[in-house]
$ cat coords-v9.tsv   # TSV, C-alpha atoms and all ligand atoms
chain	number	residue	atom	x	y	z
N	1	MET	CA	127.82	-166.25	96.36
N	2	ASN	CA	125.56	-163.19	96.23
N	3	ILE	CA	124.59	-160.70	98.93
N	4	ILE	CA	121.46	-162.65	99.88
N	5	ASP	CA	123.54	-165.80	100.48
N	6	LEU	CA	125.75	-163.68	102.69
N	7	TYR	CA	122.79	-162.32	104.63
N	8	GLU	CA	121.47	-165.82	105.18
N	9	LYS	CA	124.78	-167.33	106.26
N	10	TYR	CA	125.88	-164.79	108.89
N	11	ASP	CA	124.00	-163.27	111.78
N	12	ASN	CA	126.24	-160.28	112.50
N	13	LEU	CA	125.26	-158.19	109.48
N	14	TYR	CA	122.91	-155.23	109.77
N	15	TYR	CA	121.30	-152.51	107.76
N	16	VAL	CA	121.84	-149.36	109.79
N	17	GLY	CA	120.94	-145.70	109.75
N	18	GLY	CA	118.74	-144.02	107.18
N	19	VAL	CA	117.80	-147.19	105.36
N	20	VAL	CA	116.07	-148.75	108.38
N	21	ARG	CA	114.24	-145.50	109.06
N	22	ASP	CA	113.11	-145.41	105.42
N	23	ILE	CA	111.87	-149.02	105.57
N	24	LEU	CA	109.72	-148.12	108.60
N	25	ILE	CA	108.46	-144.89	107.05
N	26	LYS	CA	107.92	-146.77	103.78
N	27	MET	CA	109.98	-144.38	101.75
N	28	PRO	CA	112.59	-145.23	99.14
N	29	SER	CA	116.16	-144.93	100.41
N	30	GLN	CA	118.88	-142.82	98.86
N	31	ASP	CA	121.60	-145.26	99.88
N	32	VAL	CA	121.87	-148.52	101.79
N	33	ASP	CA	124.40	-148.83	104.60
N	34	ILE	CA	125.49	-152.33	105.61
N	35	THR	CA	127.46	-152.84	108.81
N	36	VAL	CA	129.21	-155.86	110.27
N	37	GLU	CA	129.16	-156.07	114.03
N	38	GLY	CA	132.90	-156.51	114.31
N	39	ASN	CA	135.69	-155.71	111.88
N	40	ALA	CA	134.29	-155.62	108.33
N	41	ILE	CA	137.69	-155.85	106.64
N	42	GLU	CA	138.63	-159.03	108.50
N	43	PHE	CA	135.13	-160.39	107.96
N	44	CYS	CA	135.32	-159.88	104.18
N	45	LYS	CA	138.86	-161.28	103.92
N	46	ASN	CA	137.50	-164.58	105.21
N	47	LEU	CA	134.64	-164.77	102.75
N	48	GLU	CA	134.80	-167.10	99.79
N	49	GLU	CA	134.12	-165.74	96.31
N	50	CYS	CA	134.43	-162.18	97.59
N	51	GLU	CA	136.78	-159.79	95.86
N	52	ILE	CA	138.07	-156.95	98.01
N	53	VAL	CA	138.10	-153.84	95.85
N	54	GLN	CA	139.24	-151.29	98.40
N	55	THR	CA	139.74	-150.94	102.14
N	56	ASN	CA	139.94	-147.96	104.45
N	57	PRO	CA	141.48	-149.33	107.65
N	58	ASP	CA	141.21	-145.97	109.47
N	59	PHE	CA	137.43	-146.17	109.27
N	60	GLY	CA	137.12	-149.93	109.04
N	61	THR	CA	135.21	-149.75	105.77
N	62	VAL	CA	135.61	-152.09	102.83
N	63	ARG	CA	134.32	-152.19	99.27
N	64	ILE	CA	133.70	-155.64	97.92
N	65	LYS	CA	132.53	-157.31	94.76
N	66	LEU	CA	130.13	-160.22	95.13
N	67	ASN	CA	128.67	-161.86	92.08
N	68	ASN	CA	129.81	-158.83	90.06
N	69	GLN	CA	127.95	-156.36	92.29
N	70	VAL	CA	129.78	-153.77	94.38
N	71	TYR	CA	128.93	-153.22	98.07
N	72	ASP	CA	130.33	-150.96	100.77
N	73	ILE	CA	130.47	-152.58	104.16
N	74	ALA	CA	131.29	-150.77	107.39
N	75	SER	CA	132.62	-152.04	110.69
N	76	THR	CA	130.83	-151.06	113.86
N	77	ARG	CA	132.85	-148.13	115.24
N	78	LYS	CA	133.03	-145.65	118.06
N	79	GLU	CA	133.83	-142.00	117.44
N	80	ALA	CA	134.88	-139.03	119.53
N	81	TYR	CA	134.97	-135.28	118.92
N	82	PRO	CA	138.24	-133.99	120.37
N	83	LYS	CA	137.75	-130.80	118.34
N	84	LYS	CA	134.11	-129.81	118.60
N	85	GLY	CA	132.48	-129.00	115.28
N	86	HIS	CA	135.18	-130.79	113.30
N	87	LEU	CA	135.42	-134.29	111.91
N	88	PRO	CA	135.23	-136.99	114.57
N	89	VAL	CA	138.06	-139.42	115.15
N	90	VAL	CA	137.47	-143.15	115.22
N	91	THR	CA	138.34	-144.49	118.66
N	92	GLU	CA	137.42	-148.12	118.19
N	93	ILE	CA	136.72	-150.39	115.25
N	94	GLY	CA	134.70	-153.53	115.85
N	95	CYS	CA	132.79	-152.26	118.88
N	96	SER	CA	129.33	-153.47	119.84
N	97	LEU	CA	126.38	-152.59	117.63
N	98	LYS	CA	124.99	-150.53	120.49
N	99	ASP	CA	128.11	-148.35	120.68
N	100	ASP	CA	127.95	-147.89	116.93
N	101	VAL	CA	124.38	-146.67	116.87
N	102	ILE	CA	124.64	-144.29	119.81
N	103	ARG	CA	127.24	-142.17	118.01
N	104	ARG	CA	124.61	-141.18	115.45
N	105	ASP	CA	122.63	-137.97	114.99
N	106	PHE	CA	118.98	-138.74	115.76
N	107	THR	CA	117.19	-141.72	117.24
N	108	ILE	CA	115.33	-142.28	113.96
N	109	ASN	CA	118.75	-142.77	112.31
N	110	ALA	CA	120.04	-145.09	115.01
N	111	LEU	CA	118.05	-148.20	114.14
N	112	ALA	CA	119.54	-151.41	112.84
N	113	LYS	CA	117.93	-154.35	111.08
N	114	ASN	CA	119.52	-157.77	111.16
N	115	THR	CA	119.82	-158.91	107.56
N	116	LYS	CA	119.36	-162.58	108.46
N	117	THR	CA	116.44	-162.46	110.87
N	118	GLY	CA	114.92	-159.15	109.82
N	119	GLU	CA	114.78	-158.17	113.48
N	120	ILE	CA	114.84	-154.43	114.12
N	121	ILE	CA	117.31	-153.53	116.84
N	122	ASP	CA	116.25	-150.36	118.61
N	123	TYR	CA	118.45	-149.30	121.53
N	124	VAL	CA	117.20	-145.72	121.58
N	125	ASN	CA	113.43	-145.80	121.06
N	126	GLY	CA	113.83	-144.76	117.46
N	127	LYS	CA	110.72	-146.69	116.44
N	128	ASP	CA	108.55	-144.70	118.84
N	129	ASP	CA	110.06	-141.47	117.59
N	130	ILE	CA	109.25	-142.44	114.01
N	131	GLN	CA	105.70	-143.25	115.11
N	132	ASN	CA	105.41	-139.90	116.90
N	133	LYS	CA	107.23	-138.01	114.12
N	134	LYS	CA	109.88	-136.72	116.51
N	135	LEU	CA	113.53	-135.91	115.98
N	136	ARG	CA	115.52	-136.56	119.12
N	137	VAL	CA	119.28	-136.34	119.60
N	138	LEU	CA	121.01	-139.11	121.51
N	139	HIS	CA	122.78	-136.97	124.11
N	140	ASP	CA	122.95	-133.38	125.29
N	141	GLU	CA	126.33	-132.61	123.68
N	142	SER	CA	125.17	-133.69	120.24
N	143	PHE	CA	124.94	-130.25	118.60
N	144	ILE	CA	128.13	-129.07	120.31
N	145	ASP	CA	130.00	-132.07	118.89
N	146	ASP	CA	128.55	-131.54	115.45
N	147	PRO	CA	126.38	-128.51	114.68
N	148	THR	CA	125.72	-129.76	111.15
N	149	ARG	CA	123.18	-132.01	112.88
N	150	ILE	CA	120.98	-128.94	113.26
N	151	ILE	CA	120.79	-128.67	109.48
N	152	ARG	CA	120.29	-132.43	109.20
N	153	GLY	CA	117.41	-132.15	111.65
N	154	LEU	CA	115.78	-129.49	109.50
N	155	LYS	CA	116.30	-131.70	106.44
N	156	PHE	CA	114.53	-134.67	108.05
N	157	ALA	CA	111.81	-132.43	109.50
N	158	THR	CA	111.19	-131.07	106.03
N	159	ARG	CA	111.40	-134.38	104.21
N	160	PHE	CA	109.21	-136.38	106.58
N	161	GLY	CA	107.08	-133.69	108.23
N	162	PHE	CA	108.66	-134.47	111.63
N	163	GLU	CA	109.46	-131.99	114.40
N	164	LEU	CA	112.16	-131.64	117.03
N	165	ASP	CA	111.26	-133.14	120.36
N	166	GLU	CA	110.99	-130.51	123.08
N	167	HIS	CA	114.29	-131.23	124.81
N	168	THR	CA	116.15	-131.42	121.50
N	169	LYS	CA	114.69	-128.03	120.53
N	170	LEU	CA	115.95	-126.58	123.82
N	171	LEU	CA	119.43	-127.99	123.16
N	172	GLN	CA	119.35	-126.52	119.67
N	173	ASP	CA	118.27	-123.08	120.93
N	174	LYS	CA	120.98	-123.20	123.57
N	175	TYR	CA	123.64	-124.02	121.00
N	176	LEU	CA	122.44	-121.33	118.62
N	177	LYS	CA	122.86	-118.73	121.35
N	178	ASN	CA	126.47	-119.74	121.80
N	179	ILE	CA	127.83	-120.93	118.48
N	180	ASN	CA	131.42	-122.00	118.15
N	181	TYR	CA	132.27	-120.61	114.72
N	182	ASP	CA	135.48	-122.62	114.57
N	183	MET	CA	133.79	-125.49	112.75
N	184	CYS	CA	134.12	-127.50	109.59
N	185	TYR	CA	132.23	-125.43	107.03
N	186	LYS	CA	132.77	-127.98	104.29
N	187	ARG	CA	130.43	-130.38	106.08
N	188	MET	CA	128.08	-127.53	106.85
N	189	LYS	CA	127.95	-126.65	103.17
N	190	ASP	CA	127.21	-130.27	102.20
N	191	GLU	CA	124.30	-130.41	104.63
N	192	LEU	CA	122.98	-127.01	103.51
N	193	ILE	CA	123.04	-128.24	99.92
N	194	SER	CA	121.06	-131.35	100.69
N	195	MET	CA	118.57	-129.51	102.94
N	196	PHE	CA	117.91	-126.46	100.77
N	197	ASN	CA	117.76	-128.49	97.57
N	198	LEU	CA	114.43	-129.71	98.97
N	199	ASN	CA	113.24	-126.22	97.93
N	200	SER	CA	110.93	-125.64	100.87
N	201	ASN	CA	109.62	-122.26	102.01
N	202	LYS	CA	108.78	-123.81	105.34
N	203	ALA	CA	112.36	-124.97	105.86
N	204	PHE	CA	113.64	-121.50	105.05
N	205	GLU	CA	111.13	-119.95	107.45
N	206	THR	CA	112.35	-122.24	110.22
N	207	PHE	CA	115.97	-121.58	109.25
N	208	ILE	CA	115.42	-117.84	109.76
N	209	ASN	CA	112.81	-117.75	112.54
N	210	ASP	CA	114.57	-120.32	114.73
N	211	LYS	CA	117.89	-118.51	114.14
N	212	ILE	CA	119.50	-121.58	112.59
N	213	TYR	CA	120.96	-119.19	110.04
N	214	LYS	CA	123.26	-117.92	112.79
N	215	LEU	CA	125.40	-121.00	112.06
N	216	ILE	CA	126.61	-119.33	108.87
N	217	THR	CA	126.56	-115.65	109.71
N	218	GLU	CA	126.89	-113.28	112.63
N	219	LYS	CA	124.64	-110.76	110.88
N	220	GLU	CA	120.94	-110.31	111.61
N	221	ILE	CA	118.75	-111.60	108.79
N	222	LYS	CA	115.03	-111.11	108.19
N	223	LEU	CA	112.76	-113.49	106.32
N	224	PRO	CA	112.06	-112.08	102.85
N	225	ASP	CA	108.38	-111.70	102.08
N	226	TYR	CA	108.36	-113.85	98.97
N	227	ASP	CA	107.19	-117.27	97.77
N	228	ILE	CA	110.74	-118.33	97.02
N	229	SER	CA	110.07	-122.00	96.40
N	230	GLY	CA	107.24	-121.08	94.01
N	231	LEU	CA	109.53	-118.83	92.02
N	232	ILE	CA	112.26	-121.49	91.95
N	233	GLY	CA	109.67	-124.10	90.97
N	234	LYS	CA	108.64	-122.02	87.98
N	235	TYR	CA	112.19	-121.98	86.61
N	236	TYR	CA	113.33	-125.27	88.12
N	237	LYS	CA	114.74	-126.69	84.89
N	238	LYS	CA	117.07	-123.73	84.51
N	239	ILE	CA	118.42	-123.88	88.07
N	240	LYS	CA	121.24	-126.19	89.13
N	241	ASN	CA	121.96	-124.67	92.53
N	242	VAL	CA	118.60	-124.30	94.23
N	243	TRP	CA	120.24	-124.35	97.66
N	244	LEU	CA	122.46	-121.40	96.84
N	245	ILE	CA	119.49	-119.11	96.29
N	246	TYR	CA	118.40	-119.63	99.89
N	247	VAL	CA	121.90	-119.43	101.31
N	248	ALA	CA	122.85	-116.33	99.33
N	249	LEU	CA	119.84	-114.55	100.85
N	250	VAL	CA	121.58	-115.08	104.17
N	251	ASP	CA	125.36	-114.99	103.78
N	252	THR	CA	127.90	-117.14	101.93
N	253	GLU	CA	131.06	-115.66	103.39
N	254	LYS	CA	131.94	-118.59	105.63
N	255	LEU	CA	131.33	-121.17	102.90
N	256	ASP	CA	133.94	-122.18	100.41
N	257	LEU	CA	132.13	-121.51	97.14
N	258	ASN	CA	133.42	-122.90	93.86
N	259	LYS	CA	133.86	-120.74	90.78
N	260	ILE	CA	130.34	-120.90	89.42
N	261	GLU	CA	128.79	-120.51	92.88
N	262	SER	CA	130.92	-117.42	93.51
N	263	LYS	CA	129.91	-115.99	90.16
N	264	ILE	CA	126.23	-116.46	91.02
N	265	VAL	CA	126.63	-114.53	94.27
N	266	ASP	CA	128.88	-111.81	92.80
N	267	ASP	CA	126.55	-111.24	89.86
N	268	TYR	CA	123.58	-111.00	92.21
N	269	GLN	CA	125.35	-108.29	94.22
N	270	LYS	CA	126.29	-106.41	91.05
N	271	LEU	CA	122.77	-106.60	89.61
N	272	LEU	CA	121.40	-104.80	92.65
N	273	ASN	CA	123.30	-101.67	91.64
N	274	ILE	CA	122.82	-101.65	87.90
N	275	ASN	CA	120.51	-99.32	86.03
N	276	LEU	CA	117.83	-101.52	84.48
N	277	ASP	CA	115.51	-98.87	83.08
N	278	SER	CA	115.11	-100.30	79.57
N	279	ASP	CA	114.57	-103.75	78.11
N	280	TYR	CA	117.92	-103.43	76.41
N	281	ASN	CA	119.66	-102.72	79.73
N	282	ILE	CA	117.86	-105.66	81.30
N	283	VAL	CA	119.01	-108.03	78.56
N	284	LYS	CA	122.58	-106.76	78.67
N	285	ALA	CA	122.76	-107.09	82.45
N	286	PHE	CA	121.07	-110.48	82.71
N	287	GLU	CA	122.36	-112.34	79.66
N	288	THR	CA	125.72	-113.21	81.19
N	289	CYS	CA	124.24	-114.27	84.53
N	290	GLU	CA	123.07	-117.65	85.77
N	291	THR	CA	119.35	-117.98	86.46
N	292	GLU	CA	120.11	-118.23	90.20
N	293	SER	CA	121.41	-114.62	90.21
N	294	LEU	CA	118.27	-113.44	88.44
N	295	ILE	CA	116.01	-115.20	90.92
N	296	LEU	CA	117.95	-113.64	93.78
N	297	TYR	CA	117.59	-110.24	92.15
N	298	GLU	CA	113.82	-110.74	91.83
N	299	ILE	CA	113.39	-111.82	95.45
N	300	ASN	CA	115.33	-108.77	96.56
N	301	LYS	CA	113.84	-106.11	94.24
N	302	LYS	CA	110.39	-107.55	93.48
N	303	ASP	CA	110.23	-105.45	90.29
N	304	ASN	CA	109.36	-108.30	87.90
N	305	LYS	CA	112.34	-107.53	85.68
N	306	ALA	CA	113.98	-110.91	86.06
N	307	ILE	CA	110.64	-112.58	85.38
N	308	LYS	CA	110.13	-110.45	82.29
N	309	TYR	CA	113.61	-111.42	81.14
N	310	LEU	CA	113.17	-115.14	81.80
N	311	ASP	CA	109.69	-115.32	80.32
N	312	LYS	CA	110.14	-113.12	77.31
N	313	LEU	CA	113.15	-110.94	76.71
N	314	ASN	CA	115.75	-113.69	76.63
N	315	GLU	CA	114.04	-115.23	73.63
N	316	ILE	CA	114.29	-112.04	71.59
N	317	LYS	CA	117.50	-112.27	69.60
N	318	PRO	CA	118.69	-110.93	66.23
N	319	GLU	CA	118.22	-113.51	63.50
N	320	ILE	CA	121.13	-112.29	61.42
N	321	ASN	CA	124.63	-113.59	62.05
N	322	GLY	CA	128.18	-112.79	60.96
N	323	ASN	CA	127.75	-114.62	57.66
N	324	ASP	CA	124.77	-112.48	56.77
N	325	LEU	CA	126.80	-109.33	57.41
N	326	LYS	CA	129.64	-110.67	55.28
N	327	GLN	CA	127.20	-111.33	52.46
N	328	ILE	CA	126.02	-107.73	52.42
N	329	GLY	CA	129.63	-106.68	52.01
N	330	LEU	CA	130.71	-105.89	55.55
N	331	PRO	CA	134.13	-107.37	56.31
N	332	PRO	CA	134.38	-109.05	59.71
N	333	SER	CA	135.59	-106.65	62.39
N	334	GLU	CA	134.85	-105.54	65.93
N	335	LYS	CA	132.10	-103.43	64.36
N	336	TYR	CA	129.97	-106.57	64.22
N	337	ALA	CA	129.34	-106.47	67.97
N	338	LYS	CA	128.05	-102.90	67.69
N	339	ILE	CA	125.77	-103.85	64.82
N	340	PHE	CA	124.33	-106.81	66.70
N	341	ASP	CA	123.76	-104.59	69.73
N	342	TYR	CA	121.94	-102.08	67.60
N	343	ILE	CA	119.77	-104.78	66.02
N	344	LEU	CA	119.02	-106.18	69.46
N	345	GLN	CA	117.85	-102.76	70.64
N	346	GLU	CA	115.57	-102.46	67.62
N	347	LYS	CA	114.32	-106.01	67.97
N	348	LEU	CA	113.42	-105.45	71.63
N	349	LYS	CA	111.34	-102.47	70.54
N	350	ASN	CA	109.79	-104.50	67.73
N	351	PRO	CA	110.13	-108.28	68.18
N	352	ASP	CA	108.34	-108.88	64.86
N	353	LEU	CA	111.25	-107.58	62.76
N	354	THR	CA	112.03	-110.02	59.96
N	355	LYS	CA	115.50	-111.12	58.97
N	356	VAL	CA	115.31	-108.96	55.84
N	357	GLU	CA	114.37	-105.93	57.91
N	358	GLU	CA	117.23	-106.65	60.30
N	359	LEU	CA	119.66	-106.68	57.37
N	360	GLU	CA	118.30	-103.38	56.10
N	361	LEU	CA	118.74	-101.88	59.53
N	362	ALA	CA	122.29	-103.18	59.70
N	363	GLU	CA	123.15	-101.57	56.38
N	364	LYS	CA	121.54	-98.30	57.42
N	365	PHE	CA	123.41	-98.34	60.70
N	366	GLU	CA	126.71	-98.77	58.86
N	367	LYS	CA	125.96	-96.01	56.36
N	368	ASN	CA	124.91	-93.55	59.05
N	369	LYS	CA	128.12	-94.18	60.87
N	370	GLU	CA	130.19	-93.57	57.73
N	371	ASN	CA	128.38	-90.27	57.24
N	372	MET	CA	129.12	-89.20	60.78
R	401	LIG	P1	119.73	-139.58	103.50
R	401	LIG	O1	118.44	-140.33	103.31
R	401	LIG	O2	119.61	-138.13	103.24
R	401	LIG	O3	120.91	-140.23	102.85
R	401	LIG	P2	120.75	-140.67	105.93
R	401	LIG	O4	120.12	-140.73	107.28
R	401	LIG	O5	120.95	-141.95	105.20
R	401	LIG	O6	119.93	-139.64	105.08
R	401	LIG	P3	123.54	-140.16	105.52
R	401	LIG	O7	124.16	-138.81	105.46
R	401	LIG	O8	123.48	-141.01	104.31
R	401	LIG	O9	122.09	-139.91	106.13
R	401	LIG	O10	124.25	-140.93	106.69
R	401	LIG	C1	123.96	-142.29	107.02
R	401	LIG	C2	123.81	-142.46	108.52
R	401	LIG	O11	125.00	-142.03	109.18
R	401	LIG	C3	122.69	-141.63	109.16
R	401	LIG	O12	121.45	-142.28	109.07
R	401	LIG	C4	123.18	-141.48	110.59
R	401	LIG	O13	122.92	-142.64	111.32
R	401	LIG	C5	124.69	-141.38	110.39
R	401	LIG	N1	125.11	-139.96	110.29
R	401	LIG	C6	125.26	-139.22	109.17
R	401	LIG	N2	125.68	-137.98	109.45
R	401	LIG	C7	125.82	-137.93	110.78
R	401	LIG	C8	126.25	-136.92	111.70
R	401	LIG	N3	126.59	-135.71	111.28
R	401	LIG	N4	126.28	-137.24	113.00
R	401	LIG	C9	125.95	-138.47	113.44
R	401	LIG	N5	125.55	-139.46	112.64
R	401	LIG	C10	125.49	-139.20	111.33
R	402	MG	MG	121.91	-142.03	103.40

$ encode --input "coords-v9.tsv" --output "C-alpha cells" --more "lines below"
Ligand code: ATP
Ligand code: MG
Amino acid sequence: MNIIDLYEKYDNLYYVGGVVRDILIKMPSQDVDITVEGNAIEFCKNLEECEIVQTNPDFGTVRIKLNNQVYDIASTRKEAYPKKGHLPVVTEIGCSLKDDVIRRDFTINALAKNTKTGEIIDYVNGKDDIQNKKLRVLHDESFIDDPTRIIRGLKFATRFGFELDEHTKLLQDKYLKNINYDMCYKRMKDELISMFNLNSNKAFETFINDKIYKLITEKEIKLPDYDISGLIGKYYKKIKNVWLIYVALVDTEKLDLNKIESKIVDDYQKLLNINLDSDYNIVKAFETCETESLILYEINKKDNKAIKYLDKLNEIKPEINGNDLKQIGLPPSEKYAKIFDYILQEKLKNPDLTKVEELELAEKFEKNKENM
C-alpha cells in the first residue's frame, strides 16, 4: 500500500495548515501536514502494510513507513494556553476537524483539504482571506496566547504580500502596548529566524515602525537609514545568519544565542570601539570576525570600511609561508607571526609585491631587528 491508496481508501484524512494555503496560492510548500480526524496512532495501528516508526502519544502524532516512504501523521487535537506566551497543552486528541483548525494562527492557515475527495474544508473563511490577501487571527486572545504569531504574521505578509486585516492589526497594536515578557523566547527566536531570513527591508521597516520589535526589547529603537537587504544580498554567499543582522540591530539580550551567534554580536560591539585608521588595522580587526559582524559594523558606521575589507583587503595576503622562512635560514619561532604581520603591512601598501620581494623584506626585517 502507498499513500495514494491510503488517501483513496479512507475519508477522514486531510491536508491541513500551510500546505492547503500554498495549494490555493499556487506556491510550493515547505512541508506537508497530514491529519487524521480522530486518533492518528490508533488509525495507523489498524492499517495493513504500515510500519509504525515512532509515536508521540502526548501530541497524538505518529511517524509511519508506507511502501518505504516515511510520513508524519497528526491526530486532530485541541490545545489550551494555561500559561500565556508559553507552549500550549493538548487538551483533547481526536477532536473534530473544526476544533483542530480553530486553534491555529491565521485563517489562511486553518484550511483543510480532504485527501480522498479533494474538497476544501473552510470553517473560518480562509479562502476569502487568501483571495483578499488578508491575515486574520481566529479569536481576540490569539496574540495574548501566543505572541510569536505576530512574527508569523509578518513572515506571511512578507512572503505573500498580504496585510493584517483591520481588526487583527488593532489586536496586535493592543498587545504590543502591553507585552507580557514572560514568554517562551525559544519559539520567538525560531520565528524571528524564519521571518528575517527572508531578508526584506520592508519587513524590517514594519518590525520597527509598528513596534513589533518591542517583543524582544524594552528599549526604543529607530530604523537605520540603510538598504540592509541590498548589503546582505551583495555578500549573501558569505552570510549564514541573515536574520541575526536584523535582530542584532535591535537587541539580542532576551534570546538564547548559541556560541557563534554570540560571537557575531560581541564582535560587532567591539568593532564599534576599535581604531580602524589604516588598512592594516582594518584587516587585523576584521579578519577574525564573521561577515555578519562586518555588515553590522557597516550599517552602524556607514564608513565603507567593511565593504573595502570584503571587496578588496581580505584578498591581500602574504604569499610566503613558514616553509619559505625556514628555507632562508630562519628557524621556526614566535618571530614568524611578527614577520608575517610586517609583510602584510607592506603588502597592503603595495599589493603587487612578488614572493621574491616578500622574502627579501622578511630577511631585511630580521636583520634590522638583530641590529637593534
Ligand atoms: P511554512 O510554509 O513557513 O512552513 P506553515 O503555515 O506551514 O508555514 P508551520 O510552522 O509549518 O507553518 O506550521 C504548520 C501549521 O501549524 C500552520 O499552517 C498553522 O496552521 C499551525 N501553526 C503553526 N504555528 C502556530 C502557532 N504559533 N499558533 C497556531 N497555529 C500554528
Ligand atoms: Mg509548514

$ residues_near_ligand --input "coords-v9.tsv" --ligand "ligand MG 402 (chain R)" --cutoff "9 Å" --atoms "all atoms listed in the file" --output "list in words"
Gly17, Gly18, Val19, Ser29, Gln30, Asp31, Val32 and Asp33 of chain N

$ closest_residue --input "coords-v9.tsv" --among "N:Asp100, N:Asp72, N:Glu8, N:Asp279" --to "ligand LIG 401 (chain R)" --atoms "all atoms listed in the file"
N:Asp100

$ residues_near_ligand --input "coords-v9.tsv" --ligand "ligand LIG 401 (chain R)" --cutoff "8 Å" --atoms "only C-alpha atoms and all ligand atoms" --output "ChimeraX atom specification"
/N:16-19,21-22,29-33,101,103-106,108-111,146-149,152,155-156,194

$ residues_around --input "coords-v9.tsv" --residues "segment 215-230 of chain N" --least-positions-apart "2" --cutoff "6 Å" --atoms "all atoms listed in the file" --output "number ranges by chain"
N: 199-201, 212-213, 232-233

$ residues_around --input "coords-v9.tsv" --residues "Ile282 of chain N" --least-positions-apart "3" --cutoff "12 Å" --atoms "all atoms listed in the file" --output "short mmCIF file (atom, residue, chain, number, x, y, z; two decimals) with C-alpha atoms, in the coordinates of the input"
data_model
loop_
_atom_site.label_atom_id
_atom_site.label_comp_id
_atom_site.auth_asym_id
_atom_site.auth_seq_id
_atom_site.Cartn_x
_atom_site.Cartn_y
_atom_site.Cartn_z
CA LEU N 271 122.77 -106.60 89.61
CA LEU N 272 121.40 -104.80 92.65
CA ILE N 274 122.82 -101.65 87.90
CA ASN N 275 120.51 -99.32 86.03
CA LEU N 276 117.83 -101.52 84.48
CA ASP N 277 115.51 -98.87 83.08
CA SER N 278 115.11 -100.30 79.57
CA ASP N 279 114.57 -103.75 78.11
CA ALA N 285 122.76 -107.09 82.45
CA PHE N 286 121.07 -110.48 82.71
CA GLU N 287 122.36 -112.34 79.66
CA THR N 288 125.72 -113.21 81.19
CA CYS N 289 124.24 -114.27 84.53
CA LEU N 294 118.27 -113.44 88.44
CA TYR N 297 117.59 -110.24 92.15
CA ASP N 303 110.23 -105.45 90.29
CA ASN N 304 109.36 -108.30 87.90
CA LYS N 305 112.34 -107.53 85.68
CA ALA N 306 113.98 -110.91 86.06
CA ILE N 307 110.64 -112.58 85.38
CA LYS N 308 110.13 -110.45 82.29
CA TYR N 309 113.61 -111.42 81.14
CA LEU N 310 113.17 -115.14 81.80
CA LYS N 312 110.14 -113.12 77.31
CA LEU N 313 113.15 -110.94 76.71
CA ASN N 314 115.75 -113.69 76.63
CA LEU N 344 119.02 -106.18 69.46
CA GLN N 345 117.85 -102.76 70.64
CA LEU N 348 113.42 -105.45 71.63
#

$ residues_around --input "coords-v9.tsv" --residues "Lys133 of chain N" --least-positions-apart "3" --cutoff "7 Å" --atoms "all atoms listed in the file" --output "ChimeraX atom specification"
/N:129-130,162-163

$ write_last_selection --input "coords-v9.tsv" --atoms "C-alpha atoms" --output "PDB file, keeping the file's coordinate frame"
ATOM      1  CA  ASP N 129     110.060-141.470 117.590  1.00  0.00           C
ATOM      2  CA  ILE N 130     109.250-142.440 114.010  1.00  0.00           C
ATOM      3  CA  PHE N 162     108.660-134.470 111.630  1.00  0.00           C
ATOM      4  CA  GLU N 163     109.460-131.990 114.400  1.00  0.00           C
TER       5      GLU N 163
END

$ atom_distance --input "coords-v9.tsv" --atom1 "atom CA of Thr354 of chain N" --atom2 "atom CA of Val283 of chain N"
20.0 Å

$ closest_residue --input "coords-v9.tsv" --among "N:Leu353, N:Phe143, N:Asn12, N:Asp251" --to "Lys84 of chain N" --atoms "all atoms listed in the file"
N:Phe143

$ closest_residue --input "coords-v9.tsv" --among "N:Glu360, N:Asp266, N:Glu48, N:Glu298" --to "Leu231 of chain N" --atoms "only C-alpha atoms"
N:Glu298

$ atom_distance --input "coords-v9.tsv" --atom1 "atom CA of Ala248 of chain N" --atom2 "atom CA of Asp145 of chain N"
26.1 Å

$ closest_residue --input "coords-v9.tsv" --among "N:Asn180, N:Tyr71, N:Glu37, N:Lys186" --to "Ala112 of chain N" --atoms "all atoms listed in the file"
N:Glu37

$ closest_residue --input "coords-v9.tsv" --among "N:Leu257, N:Met1, N:Ile73, N:Leu170" --to "Gly38 of chain N" --atoms "all atoms listed in the file"
N:Ile73

$ closest_residue --input "coords-v9.tsv" --among "N:Ile25, N:Ala203, N:Val89, N:Ile264" --to "Ala157 of chain N" --atoms "all atoms listed in the file"
N:Ala203

$ atom_distance --input "coords-v9.tsv" --atom1 "atom CA of Gly153 of chain N" --atom2 "atom CA of Leu135 of chain N"
6.9 Å

$ residues_around --input "coords-v9.tsv" --residues "Glu92 of chain N" --least-positions-apart "3" --cutoff "8 Å" --atoms "all atoms listed in the file" --output "list in words"
Arg77, Lys78, Glu79 and Cys95 of chain N

$ residues_near_point --input "coords-v9.tsv" --point "(117.8, -124.3, 116.8)" --cutoff "8 Å" --atoms "all atoms listed in the file" --output "compact mmCIF listing (two decimals) with C-alpha atoms, keeping the file's coordinate frame"
# COMPACT_ATOMS: atom_id res chain seq x y z
CA ILE N 150 120.98 -128.94 113.26
CA LYS N 169 114.69 -128.03 120.53
CA LEU N 170 115.95 -126.58 123.82
CA LEU N 171 119.43 -127.99 123.16
CA GLN N 172 119.35 -126.52 119.67
CA ASP N 173 118.27 -123.08 120.93
CA LYS N 174 120.98 -123.20 123.57
CA TYR N 175 123.64 -124.02 121.00
CA LEU N 176 122.44 -121.33 118.62
CA ASP N 210 114.57 -120.32 114.73
CA LYS N 211 117.89 -118.51 114.14
CA ILE N 212 119.50 -121.58 112.59

$ residues_near_point --input "coords-v9.tsv" --point "(124.6, -100.4, 67.1)" --cutoff "12 Å" --atoms "all atoms listed in the file" --output "list of chain:residue names"
N:Tyr280, N:Glu334, N:Lys335, N:Tyr336, N:Ala337, N:Lys338, N:Ile339, N:Phe340, N:Asp341, N:Tyr342, N:Ile343, N:Leu344, N:Gln345, N:Glu346, N:Lys347, N:Glu358, N:Leu361, N:Ala362, N:Glu363, N:Lys364, N:Phe365, N:Glu366, N:Lys367, N:Asn368, N:Lys369

$ residues_around --input "coords-v9.tsv" --residues "segment 34-36 of chain N" --least-positions-apart "5" --cutoff "6 Å" --atoms "only C-alpha atoms" --output "ChimeraX atom specification"
/N:12-15,73-75
